[in-house]
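**Student:** Provided herewith is a single structure, encoded as structure tokens, for subsequent inquiry.
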Amino acid sequence: MAATQAFLAVGSNLGDRAAHLQRAVQRLQQVPGITVVRHSTWIESEPVGNGPPQGKYLNGVVEVRTMLSAMALLAIGKALEAEAGRELPGKHHHPRPLDIDLVFFGDQRIDRRDLCVPHRQWHLRSFVTGPLQELGVDTAPQFRWQPPELIETTGALAARTADWLAGDCTIGLVPTMGSLHAGHRSLIEIARAECDRVVATIFVHPLQFGPNEDFAAYPRDLEKDLALCRDGGADAVFAPSVAQMYDPAFCSHVAVGAAAEGMEGALRPGHFSGVATVVARLFALSRPHRAYFGEKDAQQLAVVRRMSKDLGFPLRIVGCPIVREADGLAMSSRNVYLGAEDRKAATVLHRAMASACAQFARGERDRDRLLARVQAVLATEPRATVDYVELRGRDDLAPLPPGPVLAGRLLVAAKFVDGKRPVRLLDNMALDAGASA
Ligand code: PAF
């Protein structure tokens, strides 16, 4: 078996920095199966990331030839870090006597929870590129991770997530229909904070639009969406065509029951069956550990939770807080179609629910009086055509009987018709001790 050429980035910013680096080189040389070929000069660099205030690093790159696997070389690096006094597991971006990263391992590309080669950020770190240059390493052929990776076929999505699972990564899925805004970005950011790998999906899904709805006109801008996914921290974006998702013989649909009754389910027949079908398909293809949905579409969230439980998908559905504009309007891809006057008028949804929340906070508990409060405020805005106002169970959205309400969720939907095209907006607000207006 031929030895593999590998490059390690070494750094230290605690204690005798040069001694730590020099000792790391000596210790590497002593490991059976590793030959140190050479190392760069040590250079000083500022710490990166958002760690506490700390001193400058001394950095360099070490070239080795090794008979070991990449994982075994990584383990040696971790052992040397511990030997130098680094606390394990080390906190990110904290000062350390020794840091060893595997930058390149031959031409291998490995994407695991505990190891990515080439290193995810090698090309962004001058304390790595500088020493590599000094050693005359030709980095041109080396792979750069430039997330988000655009995936367009179901097979490629299944293969990518299978790789991640094999590499012990937790996967977060953020299903969307594109036309992304700060609300979607917050879903991606929450997924990023909780999972090792994040895949956002962008698919304007025909099965969840009725014949008179805005499927054709639904806003689409893939380039802008990809940029938002990148900035939010997604590793991959799955943006398939309709033909990719549904072959011509496709004929299986998820039927949803009580969770889809009333409200959107009543006004948009077939909508939630479409949503449940595509979401189930995305779950099956990507096998995520967690899937992230906005609370703005509260009934959709309840339908997805029910469907996932009923069909036994082994994942956690995470509901994420509504993101609002400064004036309270809930962010929605359809807001762009509001005319200027309707845009101002649309804040009435938030104001109406906030007013009932304030009544609730002052002790009002009667279901019908709370609903009447929402309706009264909505009635002050002639531009809004109200589809429904409901007060239901806070999470399962089960209908509540008349009488006292201890906790619940107000849900409203209204149309605004004076913009470029009619726009239906949804919003909701939880009523409980912690509810904020
Ligand atoms: O909320 C949406 O954008 C869609 O309904 C979803 C969940 C991506 C399914 O197409």
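Note on naming: chains are A, B, ... as they come in the structure tokens, residues start from 1 per chain, ligands start from 1 in the order shown.
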Please run DSSP on the backbone and report, as number ranges by chain, all residues within range 126-223 of chain A that come out as strand (DSSP E).
**Tutor:** A: 149-151, 171-176, 197-202
**Student:** Please, could you write that set of residues out with N, CA, C and O atoms as a compact mmCIF listing (two decimals), in the first residue's frame?
**Tutor:**
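So the final result, stored in result.txt, reads:
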# COMPACT_ATOMS: atom_id res chain seq x y z
N GLU A 149 -24.30 23.31 -1.46
CA GLU A 149 -24.22 22.48 -2.66
C GLU A 149 -25.64 22.38 -3.23
O GLU A 149 -26.59 22.13 -2.48
N LEU A 150 -25.76 22.62 -4.52
CA LEU A 150 -27.10 22.55 -5.14
C LEU A 150 -27.36 21.11 -5.60
O LEU A 150 -26.60 20.55 -6.38
N ILE A 151 -28.43 20.52 -5.08
CA ILE A 151 -28.78 19.14 -5.43
C ILE A 151 -30.11 19.18 -6.19
O ILE A 151 -31.07 19.78 -5.71
N ILE A 171 -28.78 15.36 10.87
CA ILE A 171 -29.23 16.12 9.69
C ILE A 171 -30.47 16.93 10.06
O ILE A 171 -31.42 16.42 10.65
N GLY A 172 -30.45 18.22 9.69
CA GLY A 172 -31.62 19.08 9.86
C GLY A 172 -32.19 19.40 8.49
O GLY A 172 -31.45 19.75 7.58
N LEU A 173 -33.51 19.24 8.35
CA LEU A 173 -34.18 19.51 7.07
C LEU A 173 -35.05 20.76 7.22
O LEU A 173 -35.81 20.87 8.19
N VAL A 174 -34.91 21.67 6.25
CA VAL A 174 -35.75 22.88 6.26
C VAL A 174 -36.53 22.92 4.94
O VAL A 174 -36.02 23.42 3.93
N PRO A 175 -37.75 22.39 4.93
CA PRO A 175 -38.53 22.39 3.69
C PRO A 175 -39.11 23.77 3.40
O PRO A 175 -39.68 24.39 4.31
N THR A 176 -38.95 24.26 2.19
CA THR A 176 -39.52 25.56 1.82
C THR A 176 -40.02 25.50 0.38
O THR A 176 -39.71 24.56 -0.35
N ARG A 197 -25.39 18.81 9.86
CA ARG A 197 -25.56 19.16 8.45
C ARG A 197 -26.99 19.65 8.25
O ARG A 197 -27.92 19.09 8.82
N VAL A 198 -27.12 20.66 7.39
CA VAL A 198 -28.44 21.25 7.16
C VAL A 198 -28.74 21.24 5.67
O VAL A 198 -27.93 21.70 4.86
N VAL A 199 -29.91 20.68 5.32
CA VAL A 199 -30.33 20.75 3.93
C VAL A 199 -31.66 21.51 3.87
O VAL A 199 -32.61 21.19 4.59
N ALA A 200 -31.66 22.57 3.06
CA ALA A 200 -32.90 23.32 2.82
C ALA A 200 -33.47 22.80 1.50
O ALA A 200 -32.71 22.47 0.59
N THR A 201 -34.79 22.72 1.40
CA THR A 201 -35.37 22.30 0.13
C THR A 201 -36.19 23.46 -0.44
O THR A 201 -36.82 24.21 0.30
N ILE A 202 -36.12 23.58 -1.76
CA ILE A 202 -36.86 24.64 -2.44
C ILE A 202 -37.68 23.96 -3.53
O ILE A 202 -37.13 23.46 -4.52
**Student:** Excluding Leu80 in chain A and residues on its chain fewer than 5 positions from it, collect all residues at most 8 Å away from it, counting only C-alpha atoms, and give them as a PDB file with all heavy atoms, in the first residue's frame.
**Tutor:**
ATOM      1  N   ALA A  24       5.156  18.951  18.714  1.00  0.00           N
ATOM      2  CA  ALA A  24       4.132  18.225  17.929  1.00  0.00           C
ATOM      3  C   ALA A  24       4.797  17.559  16.723  1.00  0.00           C
ATOM      4  O   ALA A  24       4.512  16.400  16.395  1.00  0.00           O
ATOM      5  CB  ALA A  24       3.034  19.189  17.485  1.00  0.00           C
ATOM      6  N   ARG A  27       6.796  14.556  17.939  1.00  0.00           N
ATOM      7  CA  ARG A  27       5.928  13.447  18.353  1.00  0.00           C
ATOM      8  C   ARG A  27       5.301  12.773  17.124  1.00  0.00           C
ATOM      9  O   ARG A  27       5.164  11.545  17.088  1.00  0.00           O
ATOM     10  CB  ARG A  27       4.827  13.950  19.306  1.00  0.00           C
ATOM     11  CG  ARG A  27       5.351  14.474  20.611  1.00  0.00           C
ATOM     12  CD  ARG A  27       5.839  13.380  21.558  1.00  0.00           C
ATOM     13  NE  ARG A  27       4.743  12.601  22.101  1.00  0.00           N
ATOM     14  CZ  ARG A  27       4.568  11.299  21.923  1.00  0.00           C
ATOM     15  NH1 ARG A  27       5.424  10.611  21.177  1.00  0.00           N
ATOM     16  NH2 ARG A  27       3.549  10.662  22.463  1.00  0.00           N
ATOM     17  N   LEU A  98      -2.239  23.672  21.900  1.00  0.00           N
ATOM     18  CA  LEU A  98      -1.957  23.024  20.608  1.00  0.00           C
ATOM     19  C   LEU A  98      -3.256  22.699  19.887  1.00  0.00           C
ATOM     20  O   LEU A  98      -4.206  22.191  20.488  1.00  0.00           O
ATOM     21  CB  LEU A  98      -1.163  21.722  20.828  1.00  0.00           C
ATOM     22  CG  LEU A  98      -0.759  20.972  19.553  1.00  0.00           C
ATOM     23  CD1 LEU A  98       0.190  21.817  18.694  1.00  0.00           C
ATOM     24  CD2 LEU A  98      -0.091  19.634  19.896  1.00  0.00           C
TER      25      LEU A  98
END
**Student:** Figure out the distance between CA of Pro269 in chain A and CA of Leu282 in chain A, please, to one decimal in Å.
**Tutor:**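 Interatomic distance, CA of Leu282 in chain A to CA of Pro269 in chain A: 21.8 Å.
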**Student:** In Å, how far is it from CA of His253 in chain A to CA of Thr277 in chain A?
**Tutor:**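 Value for the CA of His253 in chain A-CA of Thr277 in chain A distance: 5.5 Å.
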**Student:** Taking only C-alpha atoms and all ligand atoms into account, list the residues no farther than 7 Å from ligand 1, as an mmCIF file with C-alpha atoms, in the first residue's frame.
**Tutor:**
data_model
loop_
_atom_site.group_PDB
_atom_site.id
_atom_site.type_symbol
_atom_site.label_atom_id
_atom_site.label_comp_id
_atom_site.auth_asym_id
_atom_site.auth_seq_id
_atom_site.Cartn_x
_atom_site.Cartn_y
_atom_site.Cartn_z
ATOM 1 C CA PRO A 175 -38.528 22.391 3.685
ATOM 2 C CA THR A 176 -39.524 25.560 1.822
ATOM 3 C CA MET A 177 -41.113 26.696 -1.406
ATOM 4 C CA PHE A 203 -39.804 23.196 -4.289
ATOM 5 C CA VAL A 204 -42.932 25.035 -5.362
ATOM 6 C CA HIS A 205 -45.205 22.096 -4.972
ATOM 7 C CA VAL A 275 -48.297 19.286 1.979
ATOM 8 C CA VAL A 278 -44.427 16.172 -0.247
ATOM 9 C CA VAL A 279 -43.150 16.484 3.309
ATOM 10 C CA PHE A 293 -41.225 24.522 10.159
ATOM 11 C CA ASP A 297 -48.353 28.238 9.232
#
**Student:** For Ile322 in chain A, work out the shell of residues within 8 Å, counting only C-alpha atoms and skipping chain neighbours fewer than 6 positions away, then give it as a PDB file with N, CA, C and O atoms, in the first residue's frame.
**Tutor:**
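Full text of around.pdb as output:
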ATOM      1  N   GLY A 183     -37.693  35.004   7.768  1.00  0.00           N
ATOM      2  CA  GLY A 183     -38.341  33.925   8.520  1.00  0.00           C
ATOM      3  C   GLY A 183     -37.702  32.586   8.168  1.00  0.00           C
ATOM      4  O   GLY A 183     -37.374  31.781   9.049  1.00  0.00           O
ATOM      5  N   GLY A 294     -42.049  26.795  10.230  1.00  0.00           N
ATOM      6  CA  GLY A 294     -42.403  28.051  10.889  1.00  0.00           C
ATOM      7  C   GLY A 294     -43.758  27.934  11.575  1.00  0.00           C
ATOM      8  O   GLY A 294     -44.682  27.298  11.067  1.00  0.00           O
ATOM      9  N   GLU A 295     -43.872  28.581  12.739  1.00  0.00           N
ATOM     10  CA  GLU A 295     -45.157  28.569  13.448  1.00  0.00           C
ATOM     11  C   GLU A 295     -46.192  29.447  12.763  1.00  0.00           C
ATOM     12  O   GLU A 295     -47.355  29.398  13.107  1.00  0.00           O
ATOM     13  N   LYS A 296     -45.757  30.268  11.792  1.00  0.00           N
ATOM     14  CA  LYS A 296     -46.752  31.111  11.125  1.00  0.00           C
ATOM     15  C   LYS A 296     -47.829  30.249  10.466  1.00  0.00           C
ATOM     16  O   LYS A 296     -49.008  30.540  10.534  1.00  0.00           O
ATOM     17  N   ALA A 330     -46.348  39.566   9.999  1.00  0.00           N
ATOM     18  CA  ALA A 330     -45.589  38.307   9.942  1.00  0.00           C
ATOM     19  C   ALA A 330     -44.944  38.180   8.566  1.00  0.00           C
ATOM     20  O   ALA A 330     -45.582  38.460   7.541  1.00  0.00           O
ATOM     21  N   MET A 331     -43.671  37.762   8.524  1.00  0.00           N
ATOM     22  CA  MET A 331     -42.992  37.626   7.235  1.00  0.00           C
ATOM     23  C   MET A 331     -43.639  36.510   6.429  1.00  0.00           C
ATOM     24  O   MET A 331     -43.956  35.448   6.965  1.00  0.00           O
TER      25      MET A 331
END
**Student:** Using only C-alpha atoms for the distances, tell me which of A:Ala291, A:Ile76, A:Val25, A:Ala276 is nearest to Val254 in chain A.
**Tutor:**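 When distances to Val254 in chain A are compared using only C-alpha atoms, the smallest one comes from A:Ala276.
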**Student:** For His181 in chain A, list every protein, DNA or RNA residue within 7 Å, evaluated using only C-alpha atoms, and leave out those in the same chain fewer than 3 positions away; present the list as a list in words.
**Tutor:**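 Non-adjacent residues within range: His184, Arg185 and Ser333 of chain A.
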**Student:** Rank A:Gly167, A:Asp427, A:Leu8, A:Met245 by their smallest atom-to-atom distance to Val37 in chain A, using only C-alpha atoms, and report the top residue only.
**Tutor:**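 So, comparing all the options, the nearest one is A:Leu8.
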**Student:** Which residue, A:Met71, A:Leu370, A:Val31, A:Ile317, has the smallest gap to Val304 in chain A when you use only C-alpha atoms?
**Tutor:** A:Ile317
**Student:** Would you mind telling me which residue in A:Thr380, A:Phe250, A:Lys78, A:Thr170 lies nearest to Leu315 in chain A when using only C-alpha atoms?
**Tutor:**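 Smallest distance to Leu315 in chain A is found for A:Thr170.
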**Student:** Please determine, counting only C-alpha atoms, which residue among A:Ser45, A:Arg120, A:Val137, A:Gly15 has the shortest atom-to-atom distance to Gly85 in chain A.
**Tutor:**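 Residue with the minimum atom-to-atom distance to Gly85 in chain A: A:Gly15.
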**Student:** Range 80-206 of chain A: which residues are helix (DSSP H, G or I) by DSSP, as a PyMOL selection string?
**Tutor:** chain A and resi 80-83+122-124+126-134+154-166+182-194+206
**Student:** Just to be explicit: take each residue in the selection above, keep C-alpha atoms, and write the result as an mmCIF file, in the first residue's frame.
**Tutor:**
data_model
loop_
_atom_site.group_PDB
_atom_site.id
_atom_site.type_symbol
_atom_site.label_atom_id
_atom_site.label_comp_id
_atom_site.auth_asym_id
_atom_site.auth_seq_id
_atom_site.Cartn_x
_atom_site.Cartn_y
_atom_site.Cartn_z
ATOM 1 C CA LEU A 80 -1.126 15.148 20.785
ATOM 2 C CA GLU A 81 -3.452 18.075 21.558
ATOM 3 C CA ALA A 82 -4.450 16.364 24.825
ATOM 4 C CA GLU A 83 -0.809 15.581 25.630
ATOM 5 C CA TRP A 122 -8.613 25.915 4.474
ATOM 6 C CA HIS A 123 -8.848 28.381 1.601
ATOM 7 C CA LEU A 124 -10.244 31.140 3.864
ATOM 8 C CA SER A 126 -4.275 32.889 5.534
ATOM 9 C CA PHE A 127 -2.402 31.067 8.323
ATOM 10 C CA VAL A 128 -2.998 27.894 6.267
ATOM 11 C CA THR A 129 -2.735 29.203 2.700
ATOM 12 C CA GLY A 130 0.420 31.231 3.500
ATOM 13 C CA PRO A 131 2.426 28.271 4.867
ATOM 14 C CA LEU A 132 1.113 26.018 2.052
ATOM 15 C CA GLN A 133 2.365 28.576 -0.450
ATOM 16 C CA GLU A 134 5.720 28.750 1.312
ATOM 17 C CA THR A 154 -33.851 12.769 -5.651
ATOM 18 C CA GLY A 155 -31.061 10.203 -6.074
ATOM 19 C CA ALA A 156 -28.370 12.799 -5.333
ATOM 20 C CA LEU A 157 -30.256 13.988 -2.234
ATOM 21 C CA ALA A 158 -30.609 10.441 -0.913
ATOM 22 C CA ALA A 159 -26.909 9.771 -1.635
ATOM 23 C CA ARG A 160 -25.688 12.971 0.034
ATOM 24 C CA THR A 161 -27.734 12.411 3.195
ATOM 25 C CA ALA A 162 -26.713 8.712 3.253
ATOM 26 C CA ASP A 163 -23.063 9.899 3.239
ATOM 27 C CA TRP A 164 -23.765 12.236 6.130
ATOM 28 C CA LEU A 165 -25.513 9.493 8.089
ATOM 29 C CA ALA A 166 -22.583 7.147 7.448
ATOM 30 C CA ALA A 182 -35.767 36.376 7.144
ATOM 31 C CA GLY A 183 -38.341 33.925 8.520
ATOM 32 C CA HIS A 184 -36.864 31.089 6.437
ATOM 33 C CA ARG A 185 -33.381 32.225 7.310
ATOM 34 C CA SER A 186 -34.207 31.874 10.998
ATOM 35 C CA LEU A 187 -35.313 28.247 10.357
ATOM 36 C CA ILE A 188 -31.980 27.529 8.669
ATOM 37 C CA GLU A 189 -30.062 29.231 11.464
ATOM 38 C CA ILE A 190 -31.887 27.247 14.149
ATOM 39 C CA ALA A 191 -31.204 24.032 12.203
ATOM 40 C CA ARG A 192 -27.546 25.088 11.817
ATOM 41 C CA ALA A 193 -27.211 25.557 15.574
ATOM 42 C CA GLU A 194 -28.772 22.155 16.331
ATOM 43 C CA PRO A 206 -48.089 21.905 -7.435
#
**Student:** Nearest to Asp310 in chain A: which of A:Leu102, A:Ala358, A:Leu338, A:Ala259 is it, counting only C-alpha atoms?
**Tutor:**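 Smallest separation from Asp310 in chain A among the options: A:Ala259.
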